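Note: the block below is protein_25.txt and it holds compact mmCIF, C-alpha atoms and all ligand atoms.
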# COMPACT_ATOMS: atom_id res chain seq x y z
CA MET F 16 -11.33 10.40 18.04
CA THR F 17 -8.45 8.86 19.92
CA ASN F 18 -6.16 6.23 19.78
CA LYS F 19 -3.86 4.31 17.70
CA ILE F 20 -3.74 3.88 13.96
CA GLY F 21 -1.93 0.80 12.66
CA ILE F 22 -0.47 1.10 9.17
CA ILE F 23 0.35 -2.23 7.54
CA GLY F 24 3.18 -1.83 5.01
CA ALA F 25 5.94 0.74 4.51
CA GLY F 26 5.57 1.25 0.77
CA ILE F 27 4.48 4.48 -0.90
CA SER F 28 0.99 4.65 0.62
CA GLY F 29 1.99 3.51 4.13
CA LEU F 30 4.90 5.94 4.48
CA THR F 31 2.94 8.84 3.00
CA LEU F 32 0.02 8.23 5.35
CA GLY F 33 2.50 7.95 8.22
CA CYS F 34 4.04 11.34 7.36
CA ILE F 35 0.65 13.07 7.30
CA LEU F 36 -0.43 11.60 10.63
CA ALA F 37 2.94 12.03 12.34
CA LYS F 38 3.09 15.70 11.28
CA ASP F 39 -0.02 16.24 13.37
CA SER F 40 1.33 14.09 16.25
CA LYS F 41 -1.33 11.45 15.66
CA ASN F 42 -0.61 8.17 17.42
CA CYS F 43 0.32 5.73 14.66
CA THR F 44 2.77 2.93 13.94
CA ILE F 45 3.85 1.43 10.64
CA TYR F 46 4.41 -2.34 10.62
CA GLU F 47 6.55 -3.60 7.75
CA LYS F 48 7.32 -7.23 6.99
CA SER F 49 10.80 -6.60 5.53
CA ASP F 50 13.74 -6.07 7.83
CA GLY F 51 14.52 -2.60 6.45
CA PRO F 52 13.40 -0.02 3.90
CA SER F 53 12.58 -1.39 0.48
CA ASN F 54 15.62 -1.38 -1.75
CA TYR F 55 14.21 -2.66 -5.00
CA GLY F 56 15.37 -0.45 -7.79
CA ALA F 57 12.83 0.21 -10.47
CA GLY F 58 12.26 3.47 -12.21
CA ILE F 59 9.21 5.51 -11.37
CA SER F 60 8.04 8.68 -13.05
CA LEU F 61 6.57 11.37 -10.88
CA SER F 62 3.77 13.25 -12.58
CA PRO F 63 2.47 16.69 -11.49
CA ASN F 64 -0.26 15.11 -9.32
CA ILE F 65 2.50 13.43 -7.26
CA ILE F 66 4.92 16.35 -7.45
CA ARG F 67 2.47 18.68 -5.71
CA LEU F 68 2.09 16.15 -2.88
CA LEU F 69 5.86 15.75 -2.49
CA ASN F 70 6.00 19.53 -2.20
CA GLU F 71 3.31 19.43 0.48
CA LEU F 72 5.36 16.79 2.35
CA GLU F 73 8.40 19.10 2.02
CA ILE F 74 10.58 16.46 0.35
CA LEU F 75 10.30 17.58 -3.26
CA GLU F 76 13.65 19.37 -3.36
CA LYS F 77 15.49 16.40 -1.88
CA VAL F 78 13.92 13.90 -4.27
CA GLU F 79 14.55 16.18 -7.23
CA LYS F 80 18.24 16.52 -6.39
CA GLU F 81 18.79 12.77 -6.77
CA SER F 82 16.57 12.32 -9.81
CA CYS F 83 16.25 13.56 -13.37
CA LEU F 84 14.05 16.12 -15.10
CA PRO F 85 13.61 14.71 -18.62
CA ILE F 86 13.27 17.17 -21.48
CA ASP F 87 10.71 15.48 -23.68
CA ILE F 88 8.63 12.41 -24.31
CA VAL F 89 9.15 10.61 -27.59
CA TRP F 90 6.90 7.88 -28.97
CA ARG F 91 8.59 5.63 -31.52
CA ASP F 92 7.90 2.48 -33.44
CA ASN F 93 9.93 -0.67 -32.85
CA VAL F 94 12.69 0.37 -35.23
CA GLY F 95 13.11 3.68 -33.44
CA LYS F 96 11.30 5.93 -35.95
CA VAL F 97 9.71 8.90 -34.19
CA ILE F 98 5.90 8.97 -34.16
CA ARG F 99 5.47 12.01 -31.89
CA GLU F 100 7.60 14.22 -29.68
CA VAL F 101 6.19 16.36 -26.88
CA ASN F 102 8.08 18.75 -24.67
CA VAL F 103 7.60 17.90 -20.99
CA SER F 104 6.64 21.53 -20.30
CA GLU F 105 3.28 20.65 -21.95
CA PHE F 106 2.50 18.81 -18.74
CA GLY F 107 4.18 21.17 -16.29
CA LYS F 108 6.97 19.07 -14.91
CA LEU F 109 7.94 15.40 -14.73
CA ILE F 110 10.56 13.84 -12.48
CA THR F 111 12.01 10.41 -13.18
CA THR F 112 13.68 8.59 -10.34
CA ASN F 113 14.41 5.30 -8.66
CA ARG F 114 11.70 3.94 -6.36
CA LYS F 115 14.24 3.40 -3.59
CA ILE F 116 15.10 7.15 -3.59
CA LEU F 117 11.43 7.96 -3.09
CA ILE F 118 11.08 5.40 -0.30
CA LYS F 119 14.26 6.68 1.38
CA HIS F 120 13.03 10.29 1.51
CA LEU F 121 9.54 9.30 2.66
CA LEU F 122 11.01 7.20 5.47
CA ASP F 123 13.50 9.92 6.49
CA LYS F 124 10.65 12.41 6.64
CA TYR F 125 8.46 10.08 8.68
CA LEU F 126 11.25 9.42 11.19
CA SER F 127 12.12 13.13 11.41
CA LEU F 128 8.50 13.78 12.41
CA GLY F 129 8.86 11.29 15.26
CA GLY F 130 7.00 8.50 13.41
CA LYS F 131 7.26 4.95 14.74
CA ILE F 132 8.03 2.00 12.50
CA GLU F 133 8.46 -1.69 13.26
CA PHE F 134 10.42 -3.65 10.67
CA SER F 135 10.29 -7.48 10.53
CA HIS F 136 6.62 -7.24 11.50
CA GLU F 137 4.62 -9.28 9.01
CA LEU F 138 0.94 -9.19 9.88
CA VAL F 139 -0.47 -12.73 9.98
CA LYS F 140 -3.75 -12.26 11.82
CA ILE F 141 -6.20 -9.67 13.12
CA LYS F 142 -7.86 -11.01 16.28
CA ASN F 143 -11.03 -9.64 17.87
CA GLU F 144 -11.10 -6.90 15.25
CA LYS F 145 -8.38 -4.79 16.86
CA GLU F 146 -5.46 -7.06 17.81
CA LEU F 147 -2.65 -7.36 15.32
CA LEU F 148 -0.59 -10.56 15.40
CA PHE F 149 2.77 -10.67 13.70
CA LYS F 150 4.84 -13.57 12.36
CA ASN F 151 7.61 -12.79 14.87
CA GLY F 152 5.17 -13.45 17.74
CA ASN F 153 4.60 -9.81 18.71
CA GLU F 154 1.12 -8.39 19.17
CA ASP F 155 -0.31 -4.89 19.22
CA ARG F 156 -3.70 -3.32 19.69
CA VAL F 157 -4.97 -0.57 17.42
CA ASP F 158 -8.22 1.30 16.83
CA PHE F 159 -7.99 1.80 13.09
CA ILE F 160 -6.15 -0.23 10.45
CA ALA F 161 -4.79 1.15 7.19
CA GLY F 162 -4.07 -1.75 4.80
CA CYS F 163 -1.11 -0.50 2.76
CA ASP F 164 0.31 -3.95 2.04
CA GLY F 165 0.45 -3.87 -1.74
CA ILE F 166 -1.00 -6.01 -4.52
CA LYS F 167 -0.71 -9.29 -2.59
CA SER F 168 -2.47 -7.68 0.37
CA PHE F 169 -2.99 -10.04 3.27
CA VAL F 170 -5.40 -7.54 4.82
CA ARG F 171 -7.58 -7.42 1.71
CA SER F 172 -7.73 -11.18 1.10
CA ASN F 173 -8.53 -12.06 4.68
CA TYR F 174 -10.64 -9.21 5.97
CA ILE F 175 -12.16 -7.29 3.04
CA LYS F 176 -12.73 -9.63 0.10
CA ASN F 177 -11.61 -13.18 -0.30
CA ASP F 178 -10.02 -12.74 -3.71
CA SER F 179 -6.50 -13.07 -4.99
CA PRO F 180 -4.40 -11.40 -7.69
CA LYS F 181 -4.97 -12.77 -11.19
CA PHE F 182 -2.31 -13.07 -13.86
CA THR F 183 -3.04 -10.72 -16.79
CA GLY F 184 -0.89 -12.47 -19.40
CA TYR F 185 1.63 -9.61 -19.40
CA THR F 186 5.27 -10.09 -18.45
CA ALA F 187 7.40 -7.06 -17.68
CA TRP F 188 11.17 -6.96 -17.90
CA ARG F 189 13.06 -4.28 -16.09
CA GLY F 190 16.59 -3.16 -15.51
CA ILE F 191 18.78 -0.12 -15.08
CA GLY F 192 21.33 0.40 -17.83
CA THR F 193 23.25 3.40 -19.10
CA SER F 194 22.40 5.93 -21.75
CA ASP F 195 23.03 9.65 -22.24
CA SER F 196 19.49 10.37 -23.43
CA LYS F 197 17.52 12.84 -21.32
CA ARG F 198 14.28 11.79 -22.96
CA ILE F 199 11.45 9.53 -21.99
CA ASN F 200 11.39 7.11 -24.93
CA ILE F 201 8.33 4.95 -25.49
CA TYR F 202 8.67 2.26 -28.17
CA LEU F 203 5.50 0.67 -29.50
CA GLY F 204 6.02 -2.70 -31.13
CA PRO F 205 3.61 -5.44 -32.07
CA ARG F 206 2.57 -7.38 -28.92
CA SER F 207 5.00 -5.40 -26.77
CA HIS F 208 6.20 -1.98 -25.71
CA ILE F 209 9.24 -0.55 -23.98
CA VAL F 210 9.55 2.57 -21.81
CA CYS F 211 13.02 3.98 -21.02
CA TYR F 212 13.99 7.05 -19.05
CA PRO F 213 16.96 8.48 -17.16
CA ILE F 214 16.59 8.24 -13.38
CA ASN F 215 19.40 10.61 -12.35
CA ASN F 216 22.10 12.77 -13.88
CA SER F 217 24.68 9.96 -13.92
CA LEU F 218 23.42 8.27 -17.12
CA GLU F 219 21.48 5.57 -15.24
CA THR F 220 18.49 4.71 -17.38
CA SER F 221 15.56 2.60 -16.31
CA PHE F 222 13.77 0.41 -18.83
CA ILE F 223 10.61 -1.61 -18.68
CA GLY F 224 9.74 -3.89 -21.57
CA VAL F 225 6.30 -5.46 -21.53
CA ILE F 226 5.17 -8.41 -23.62
CA LYS F 227 1.89 -10.24 -23.67
CA ASN F 228 2.47 -13.93 -24.23
CA ASN F 229 0.45 -15.49 -21.42
CA ALA F 230 3.52 -17.36 -20.08
CA ARG F 231 2.83 -17.32 -16.37
CA ILE F 232 5.51 -15.57 -14.31
CA ASN F 233 5.47 -14.77 -10.59
CA GLU F 234 4.49 -11.37 -9.23
CA SER F 235 7.89 -10.63 -7.78
CA TRP F 236 10.39 -7.81 -7.74
CA ARG F 237 13.27 -10.20 -7.25
CA GLU F 238 12.96 -12.77 -10.02
CA GLU F 239 16.07 -12.46 -12.17
CA GLY F 240 16.14 -13.43 -15.82
CA THR F 241 18.95 -13.54 -18.36
CA HIS F 242 19.89 -10.99 -20.98
CA ASP F 243 19.39 -13.64 -23.68
CA GLN F 244 15.82 -14.33 -22.55
CA LEU F 245 15.10 -10.60 -22.46
CA ILE F 246 16.50 -9.98 -25.94
CA ASN F 247 14.67 -13.02 -27.24
CA ASP F 248 11.35 -11.78 -25.79
CA LEU F 249 11.91 -8.31 -27.28
CA SER F 250 13.63 -9.33 -30.50
CA ASP F 251 11.43 -6.99 -32.59
CA TYR F 252 13.57 -4.08 -31.40
CA GLY F 253 16.97 -3.12 -32.76
CA ASP F 254 20.48 -2.80 -31.39
CA PHE F 255 19.74 0.69 -30.04
CA ILE F 256 17.51 -1.00 -27.42
CA HIS F 257 19.40 -4.24 -27.00
CA SER F 258 22.59 -2.35 -26.12
CA LEU F 259 20.68 -0.59 -23.31
CA PHE F 260 19.49 -4.01 -22.07
CA LYS F 261 23.04 -5.35 -22.15
CA SER F 262 24.35 -2.41 -20.12
CA SER F 263 22.13 -3.41 -17.18
CA GLU F 264 24.09 -5.60 -14.79
CA LYS F 265 21.00 -7.61 -13.86
CA VAL F 266 17.63 -7.93 -15.52
CA PHE F 267 14.43 -8.87 -13.73
CA ARG F 268 11.06 -10.03 -14.94
CA TRP F 269 7.77 -10.15 -13.23
CA GLY F 270 4.25 -11.11 -14.11
CA LEU F 271 1.68 -8.34 -14.06
CA TYR F 272 -1.24 -9.27 -11.83
CA ASP F 273 -4.51 -7.50 -11.19
CA ARG F 274 -7.47 -7.72 -8.84
CA ASN F 275 -11.14 -6.93 -9.36
CA LYS F 276 -12.53 -3.50 -8.59
CA LEU F 277 -13.97 -3.07 -5.09
CA ASN F 278 -17.19 -1.19 -4.36
CA ASN F 279 -15.95 -0.23 -0.94
CA PHE F 280 -12.38 0.10 0.29
CA SER F 281 -13.36 -0.26 3.96
CA LYS F 282 -14.87 -2.80 6.32
CA GLY F 283 -15.12 -2.47 10.10
CA ILE F 284 -12.06 -0.54 11.25
CA ILE F 285 -10.03 -1.44 8.14
CA THR F 286 -9.44 0.77 5.10
CA LEU F 287 -7.32 -0.18 2.08
CA LEU F 288 -5.00 2.15 0.20
CA GLY F 289 -2.84 1.91 -2.93
CA ASP F 290 -2.29 -1.43 -4.63
CA SER F 291 -4.14 -3.36 -1.94
CA ALA F 292 -7.29 -1.38 -2.80
CA HIS F 293 -6.91 -1.02 -6.56
CA PRO F 294 -3.85 -2.53 -8.24
CA MET F 295 -3.55 -1.42 -11.84
CA MET F 296 -1.47 -2.03 -14.92
CA PRO F 297 1.58 0.28 -14.95
CA PHE F 298 0.90 1.54 -18.50
CA LEU F 299 -0.07 5.09 -17.50
CA GLY F 300 2.52 5.26 -14.69
CA GLN F 301 -0.15 6.06 -12.11
CA GLY F 302 -0.08 3.19 -9.56
CA GLY F 303 2.26 5.06 -7.23
CA ALA F 304 0.44 8.33 -7.86
CA MET F 305 -2.84 6.78 -6.73
CA ALA F 306 -1.11 5.42 -3.61
CA PHE F 307 0.04 8.98 -2.76
CA GLU F 308 -3.37 10.48 -3.42
CA ASP F 309 -5.13 7.80 -1.32
CA ALA F 310 -2.78 8.44 1.59
CA PHE F 311 -3.33 12.19 1.47
CA VAL F 312 -7.09 11.79 1.39
CA LEU F 313 -7.27 9.23 4.19
CA GLY F 314 -4.69 11.04 6.31
CA ARG F 315 -6.31 14.47 6.04
CA LEU F 316 -9.78 13.01 6.70
CA LEU F 317 -8.51 11.17 9.79
CA LEU F 318 -7.14 14.46 11.08
CA LYS F 319 -10.34 16.36 10.37
CA ILE F 320 -13.34 14.10 10.98
CA PRO F 321 -13.94 12.61 14.44
CA SER F 322 -15.76 9.46 13.28
CA TYR F 323 -14.03 6.56 11.55
CA ASN F 324 -17.24 5.61 9.70
CA LYS F 325 -17.59 9.09 8.26
CA VAL F 326 -13.92 9.13 7.30
CA GLN F 327 -14.35 5.85 5.44
CA GLU F 328 -17.50 7.04 3.65
CA LYS F 329 -15.87 10.24 2.51
CA TYR F 330 -12.68 8.41 1.49
CA ASN F 331 -14.70 6.04 -0.65
CA ASP F 332 -16.60 8.93 -2.23
CA LEU F 333 -13.45 10.85 -3.02
CA ARG F 334 -11.38 7.96 -4.34
CA ARG F 335 -13.53 5.33 -6.02
CA LYS F 336 -14.43 7.12 -9.24
CA ARG F 337 -10.93 8.44 -9.87
CA VAL F 338 -9.03 5.21 -9.23
CA ASN F 339 -11.54 3.11 -11.18
CA TYR F 340 -11.22 5.43 -14.16
CA ILE F 341 -7.42 5.27 -14.09
CA LYS F 342 -7.44 1.50 -13.52
CA SER F 343 -9.64 0.96 -16.62
CA SER F 344 -7.67 3.47 -18.71
CA SER F 345 -4.38 1.78 -17.77
CA ALA F 346 -5.70 -1.62 -18.87
CA PHE F 347 -6.95 -0.13 -22.15
CA GLN F 348 -3.56 1.50 -22.75
CA GLY F 349 -1.99 -1.99 -22.69
CA TYR F 350 -4.31 -3.04 -25.51
CA VAL F 351 -3.47 0.12 -27.51
CA ASN F 352 0.29 -0.25 -26.96
CA HIS F 353 0.32 -3.85 -28.16
CA LEU F 354 -1.85 -3.66 -31.27
CA THR F 355 -0.87 -6.14 -33.99
CA ASN F 356 -3.51 -5.48 -36.62
CA PRO F 357 -1.70 -3.21 -39.16
CA LEU F 358 -4.81 -1.14 -39.85
CA LEU F 359 -5.48 -0.44 -36.18
CA LYS F 360 -1.79 0.25 -35.61
CA ASN F 361 -1.87 2.85 -38.39
CA VAL F 362 -4.94 4.50 -36.89
CA ARG F 363 -3.26 4.58 -33.46
CA ASP F 364 -0.08 6.10 -34.84
CA TYR F 365 -2.04 8.60 -36.95
CA LEU F 366 -4.05 9.77 -33.92
CA LEU F 367 -0.92 9.95 -31.78
CA LYS F 368 0.92 11.95 -34.42
CA ASN F 369 -1.84 14.29 -35.57
CA THR F 370 -4.19 14.81 -32.64
CA ASN F 371 -3.92 15.73 -28.99
CA MET F 372 -6.28 13.01 -27.74
CA ALA F 373 -3.64 11.18 -25.70
CA MET F 374 -2.18 14.46 -24.35
CA ARG F 375 -5.59 15.68 -23.25
CA ARG F 376 -6.28 12.52 -21.27
CA THR F 377 -2.82 12.64 -19.71
CA LYS F 378 -3.23 16.29 -18.75
CA ASN F 379 -6.59 15.54 -17.16
CA ILE F 380 -5.01 12.86 -15.01
CA TYR F 381 -2.01 15.03 -14.09
CA ASN F 382 -3.96 18.23 -13.40
CA TYR F 383 -6.22 16.62 -10.79
CA ASP F 384 -5.41 18.33 -7.51
CA ILE F 385 -6.43 16.20 -4.56
CA LEU F 386 -5.51 18.99 -2.12
CA GLU F 387 -8.22 21.21 -3.63
CA LYS F 388 -10.80 18.46 -3.14
CA LEU F 389 -9.88 18.25 0.53
CA ILE F 390 -10.50 21.91 1.36
C1 LIG U 401 8.56 -1.39 -12.28
C2 LIG U 401 7.42 -0.54 -11.83
C3 LIG U 401 7.37 0.75 -12.27
C4 LIG U 401 6.36 1.57 -11.82
N1 LIG U 401 6.32 2.84 -12.28
C5 LIG U 401 5.40 3.67 -11.79
C6 LIG U 401 5.38 5.03 -12.21
O1 LIG U 401 6.17 5.47 -13.05
N2 LIG U 401 4.48 5.88 -11.65
C7 LIG U 401 3.59 5.42 -10.71
O2 LIG U 401 2.80 6.24 -10.22
N3 LIG U 401 3.56 4.12 -10.33
C8 LIG U 401 4.44 3.23 -10.84
N4 LIG U 401 4.42 1.93 -10.45
C9 LIG U 401 3.41 1.46 -9.50
C10 LIG U 401 3.80 1.72 -8.06
O3 LIG U 401 5.12 1.36 -7.76
C11 LIG U 401 2.84 0.98 -7.13
O4 LIG U 401 1.53 1.18 -7.58
C12 LIG U 401 2.98 1.53 -5.72
O5 LIG U 401 4.27 1.17 -5.23
C13 LIG U 401 1.91 1.00 -4.77
O6 LIG U 401 2.19 1.45 -3.45
P1 LIG U 401 1.61 0.72 -2.19
O7 LIG U 401 1.97 1.54 -1.01
O8 LIG U 401 0.18 0.41 -2.40
O9 LIG U 401 2.31 -0.70 -2.13
P2 LIG U 401 3.84 -1.08 -2.10
O10 LIG U 401 4.69 0.07 -2.47
O11 LIG U 401 3.94 -2.35 -2.89
O12 LIG U 401 4.13 -1.41 -0.56
C14 LIG U 401 3.55 -2.50 0.14
C15 LIG U 401 4.39 -2.73 1.40
O13 LIG U 401 3.67 -3.62 2.27
C16 LIG U 401 4.59 -4.55 2.82
N5 LIG U 401 3.80 -5.73 3.24
C17 LIG U 401 3.19 -6.62 2.43
N6 LIG U 401 2.52 -7.54 3.16
C18 LIG U 401 2.71 -7.21 4.48
C19 LIG U 401 2.27 -7.79 5.71
N7 LIG U 401 1.47 -8.88 5.75
N8 LIG U 401 2.66 -7.20 6.88
C20 LIG U 401 3.45 -6.08 6.85
N9 LIG U 401 3.91 -5.51 5.71
C21 LIG U 401 3.53 -6.06 4.53
C22 LIG U 401 5.56 -4.81 1.67
O14 LIG U 401 6.78 -5.37 2.11
C23 LIG U 401 5.72 -3.40 1.11
O15 LIG U 401 6.75 -2.68 1.75
C24 LIG U 401 5.38 1.07 -10.91
C25 LIG U 401 5.43 -0.24 -10.49
C26 LIG U 401 6.42 -1.05 -10.95
C27 LIG U 401 6.45 -2.46 -10.47

For this file, produce the structure as structure tokens.
Amino acid sequence: MTNKIGIIGAGISGLTLGCILAKDSKNCTIYEKSDGPSNYGAGISLSPNIIRLLNELEILEKVEKESCLPIDIVWRDNVGKVIREVNVSEFGKLITTNRKILIKHLLDKYLSLGGKIEFSHELVKIKNEKELLFKNGNEDRVDFIAGCDGIKSFVRSNYIKNDSPKFTGYTAWRGIGTSDSKRINIYLGPRSHIVCYPINNSLETSFIGVIKNNARINESWREEGTHDQLINDLSDYGDFIHSLFKSSEKVFRWGLYDRNKLNNFSKGIITLLGDSAHPMMPFLGQGGAMAFEDAFVLGRLLLKIPSYNKVQEKYNDLRRKRVNYIKSSSAFQGYVNHLTNPLLKNVRDYLLKNTNMAMRRTKNIYNYDILEKLI
């Protein structure tokens, strides 16, 4: 197999795929619509299934240095009362960081391997199957296309399935405030939940507060809101949370969108990865993890198998079941987190406190080793 692989999008999946291909001197280029690396600061937690891939990419140490290793995970009710505490060592290791740190180290790695990237290259058309046309007027010809262009994927909507993201009724607030807690705190309130964790050792603490009120909000990382709106939306929580909100210079809100499951992530010479293939609710913190896993699978298969069709078949086989399971589980977790019926809430809290059901599922997700599947 020859030729040139075009990667559309320099997010988590695009940069990871680029690193794998560039390490083996495969001819590839990443085309990114923004004019530089993504700088949007939201917290992301790195679970063991991502950590082992960062290690494989040889950037784990660097990411870890600029991040935080939380001590435990604490589930609480909306007034802060502890429901369950679990030491992180139960899961191996968790790293909490800022998405822009992750993107920075992935990009540095890709460039150090001699990888090529074109910023300000927004794909607007694929002509004659192989010719990429960009908004800036440039064109390029490739032999294989990896659609890594996120939830609003142009590649997916125009060349795989003519669908578009649907609003789920959830609105998520996010910000980065200050706190000296080294814990991952998860607050479960009626119709809402909040997740907070430190993202480095300088007290910076990321929070995401999710409500379900069906008020339509854009899918955007840049839409600012006000502290008053945020506190009003999450008024069921006490001062301990509101003071964290107030310590964030800016607060952002975005609507959570989803797309239907696909039976096949490929068509012709195109294959989708990450959120373009299977966006999911962020309630299990696995959207980025799936983007990493996809990129490892597709990258390693492209290096190993000399037929694009066979690569795509195998990729579909290896990924579909896992991502569909996590996508459904993430959606269900939203329902569980936002229960309002007092009886069901009591059952949820009882199970969380007295059984290991939730831990077992989490461990199953985290222990999955995609590298073993690729041997
Ligand atoms: C606040 C928040 C917290 C999260 N926390 C976690 C977490 O803790 N753990 C976890 O695993 N996941 C988490 N996620 C999910 C995770 O961030 C996403 O699932 C992941 O970023 C998807 O990666 P991707 O490569 O598919 O797409 P993205 O990272 O969205 O990248 C897509 C890229 O494509 C570019 N692009 C788009 N259209 C075009 C075009 N036409 N031409 C060229 N370029 C284009 C975009 O500019 C962008 O750079 C979180 C998400 C959010 C929003």

Skip Asn371 (chain F) itself and residues of its chain fewer than 5 positions away, then list as a PDB file with C-alpha atoms, in the frame of the given file all residues within 12 Å of it, counting only C-alpha atoms.
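Saved as around_14.pdb:
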ATOM      1  CA  ARG F  99       5.470  12.010 -31.890  1.00  0.00           C
ATOM      2  CA  GLU F 100       7.600  14.220 -29.680  1.00  0.00           C
ATOM      3  CA  VAL F 101       6.190  16.360 -26.880  1.00  0.00           C
ATOM      4  CA  GLU F 105       3.280  20.650 -21.950  1.00  0.00           C
ATOM      5  CA  ASP F 364      -0.080   6.100 -34.840  1.00  0.00           C
ATOM      6  CA  TYR F 365      -2.040   8.600 -36.950  1.00  0.00           C
ATOM      7  CA  LEU F 366      -4.050   9.770 -33.920  1.00  0.00           C
ATOM      8  CA  ARG F 376      -6.280  12.520 -21.270  1.00  0.00           C
ATOM      9  CA  THR F 377      -2.820  12.640 -19.710  1.00  0.00           C
ATOM     10  CA  LYS F 378      -3.230  16.290 -18.750  1.00  0.00           C
TER      11      LYS F 378
END

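When atom C18 of ligand LIG 401 (chain U) is paired with CA of Leu138 (chain F), their separation reads 6.0 Å.
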
**OP:** Please tell me which residues are no farther than 12 Å from (-6.8, -10.3, 0.6) in the file, counting all atoms listed in the file, and write them as a ChimeraX atom specification.
**Re:** /F:139-140,162-180,274-275,277,280,287,290-293

Same residues, C-alpha atoms, output as a PDB file, keeping the file's coordinate frame:
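Result file is out.pdb:
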ATOM      1  CA  VAL F 139      -0.470 -12.730   9.980  1.00  0.00           C
ATOM      2  CA  LYS F 140      -3.750 -12.260  11.820  1.00  0.00           C
ATOM      3  CA  GLY F 162      -4.070  -1.750   4.800  1.00  0.00           C
ATOM      4  CA  CYS F 163      -1.110  -0.500   2.760  1.00  0.00           C
ATOM      5  CA  ASP F 164       0.310  -3.950   2.040  1.00  0.00           C
ATOM      6  CA  GLY F 165       0.450  -3.870  -1.740  1.00  0.00           C
ATOM      7  CA  ILE F 166      -1.000  -6.010  -4.520  1.00  0.00           C
ATOM      8  CA  LYS F 167      -0.710  -9.290  -2.590  1.00  0.00           C
ATOM      9  CA  SER F 168      -2.470  -7.680   0.370  1.00  0.00           C
ATOM     10  CA  PHE F 169      -2.990 -10.040   3.270  1.00  0.00           C
ATOM     11  CA  VAL F 170      -5.400  -7.540   4.820  1.00  0.00           C
ATOM     12  CA  ARG F 171      -7.580  -7.420   1.710  1.00  0.00           C
ATOM     13  CA  SER F 172      -7.730 -11.180   1.100  1.00  0.00           C
ATOM     14  CA  ASN F 173      -8.530 -12.060   4.680  1.00  0.00           C
ATOM     15  CA  TYR F 174     -10.640  -9.210   5.970  1.00  0.00           C
ATOM     16  CA  ILE F 175     -12.160  -7.290   3.040  1.00  0.00           C
ATOM     17  CA  LYS F 176     -12.730  -9.630   0.100  1.00  0.00           C
ATOM     18  CA  ASN F 177     -11.610 -13.180  -0.300  1.00  0.00           C
ATOM     19  CA  ASP F 178     -10.020 -12.740  -3.710  1.00  0.00           C
ATOM     20  CA  SER F 179      -6.500 -13.070  -4.990  1.00  0.00           C
ATOM     21  CA  PRO F 180      -4.400 -11.400  -7.690  1.00  0.00           C
ATOM     22  CA  ARG F 274      -7.470  -7.720  -8.840  1.00  0.00           C
ATOM     23  CA  ASN F 275     -11.140  -6.930  -9.360  1.00  0.00           C
ATOM     24  CA  LEU F 277     -13.970  -3.070  -5.090  1.00  0.00           C
ATOM     25  CA  PHE F 280     -12.380   0.100   0.290  1.00  0.00           C
ATOM     26  CA  LEU F 287      -7.320  -0.180   2.080  1.00  0.00           C
ATOM     27  CA  ASP F 290      -2.290  -1.430  -4.630  1.00  0.00           C
ATOM     28  CA  SER F 291      -4.140  -3.360  -1.940  1.00  0.00           C
ATOM     29  CA  ALA F 292      -7.290  -1.380  -2.800  1.00  0.00           C
ATOM     30  CA  HIS F 293      -6.910  -1.020  -6.560  1.00  0.00           C
TER      31      HIS F 293
END

* To do: Select, counting only C-alpha atoms, all protein, DNA and RNA residues no farther than 12 Å from (16.9, -4.2, -25.3) in file coordinates, and express the selection as number ranges by chain.
  => F: 93-95, 188-193, 202, 208-211, 221-225, 241-263, 266

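The space between CA of Leu354 (chain F) and CA of Leu203 (chain F) spans 8.7 Å.
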
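Atom pair atom N9 of ligand LIG 401 (chain U) / CA of Asn279 (chain F) has a distance of 21.6 Å (rounded to one decimal).
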
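Of the residues under consideration (F:Leu299, F:Val78, F:Ile285, F:Leu271), F:Val78 shows the shortest atom-to-atom contact distance to Asp123 (chain F) when counting only C-alpha atoms.
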
Practice item. For Asn229 (chain F), please output as number ranges by chain all residues within 10 Å (counting all atoms listed in the file; exclusion window: fewer than 6 positions along the same chain). Key: F: 182-186, 270

Write the residues of the preceding selection, restricted to C-alpha atoms, as a CSV table (one decimal), keeping the file's coordinate frame.
chain,number,residue,atom,x,y,z
F,182,PHE,CA,-2.3,-13.1,-13.9
F,183,THR,CA,-3.0,-10.7,-16.8
F,184,GLY,CA,-0.9,-12.5,-19.4
F,185,TYR,CA,1.6,-9.6,-19.4
F,186,THR,CA,5.3,-10.1,-18.4
F,270,GLY,CA,4.2,-11.1,-14.1

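With distances taken over all atoms listed in the file, F:Ser82 is the one residue among F:Asn42, F:Ser82, F:Gln348, F:Asn379 lying closest to Ser217 (chain F).
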
Within 8 Å of ligand LIG 401 (chain U) (counting all atoms listed in the file), which residues show up? I'd like them as an NGL selection string. :F and (23-30 or 46-49 or 52-53 or 57-62 or 65 or 111 or 114 or 135-139 or 149 or 163-170 or 187 or 189 or 223 or 236 or 288-292 or 294-295 or 297 or 299-307)

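With distances taken over all atoms listed in the file, F:Gly56 is the one residue among F:Gly56, F:Gly130, F:Gly51, F:Pro63 lying closest to Thr112 (chain F).
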
Across F:Lys265, F:Lys342, F:Lys368, F:Lys19, the smallest distance to Ile160 (chain F), with all atoms listed in the file counted, is shown by F:Lys19

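For Asp158 (chain F), the set of protein, DNA and RNA residues having any atom at most 8 Å away, when counting only C-alpha atoms and skipping those fewer than 5 positions along the same chain, is Asn18, Lys19, Ile20, Gly21, Lys145 and Ile284 of chain F.
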
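Of the residues under consideration (F:Phe311, F:Tyr55, F:Tyr323, F:Phe298), F:Phe311 shows the shortest atom-to-atom contact distance to Leu389 (chain F) when counting all atoms listed in the file.
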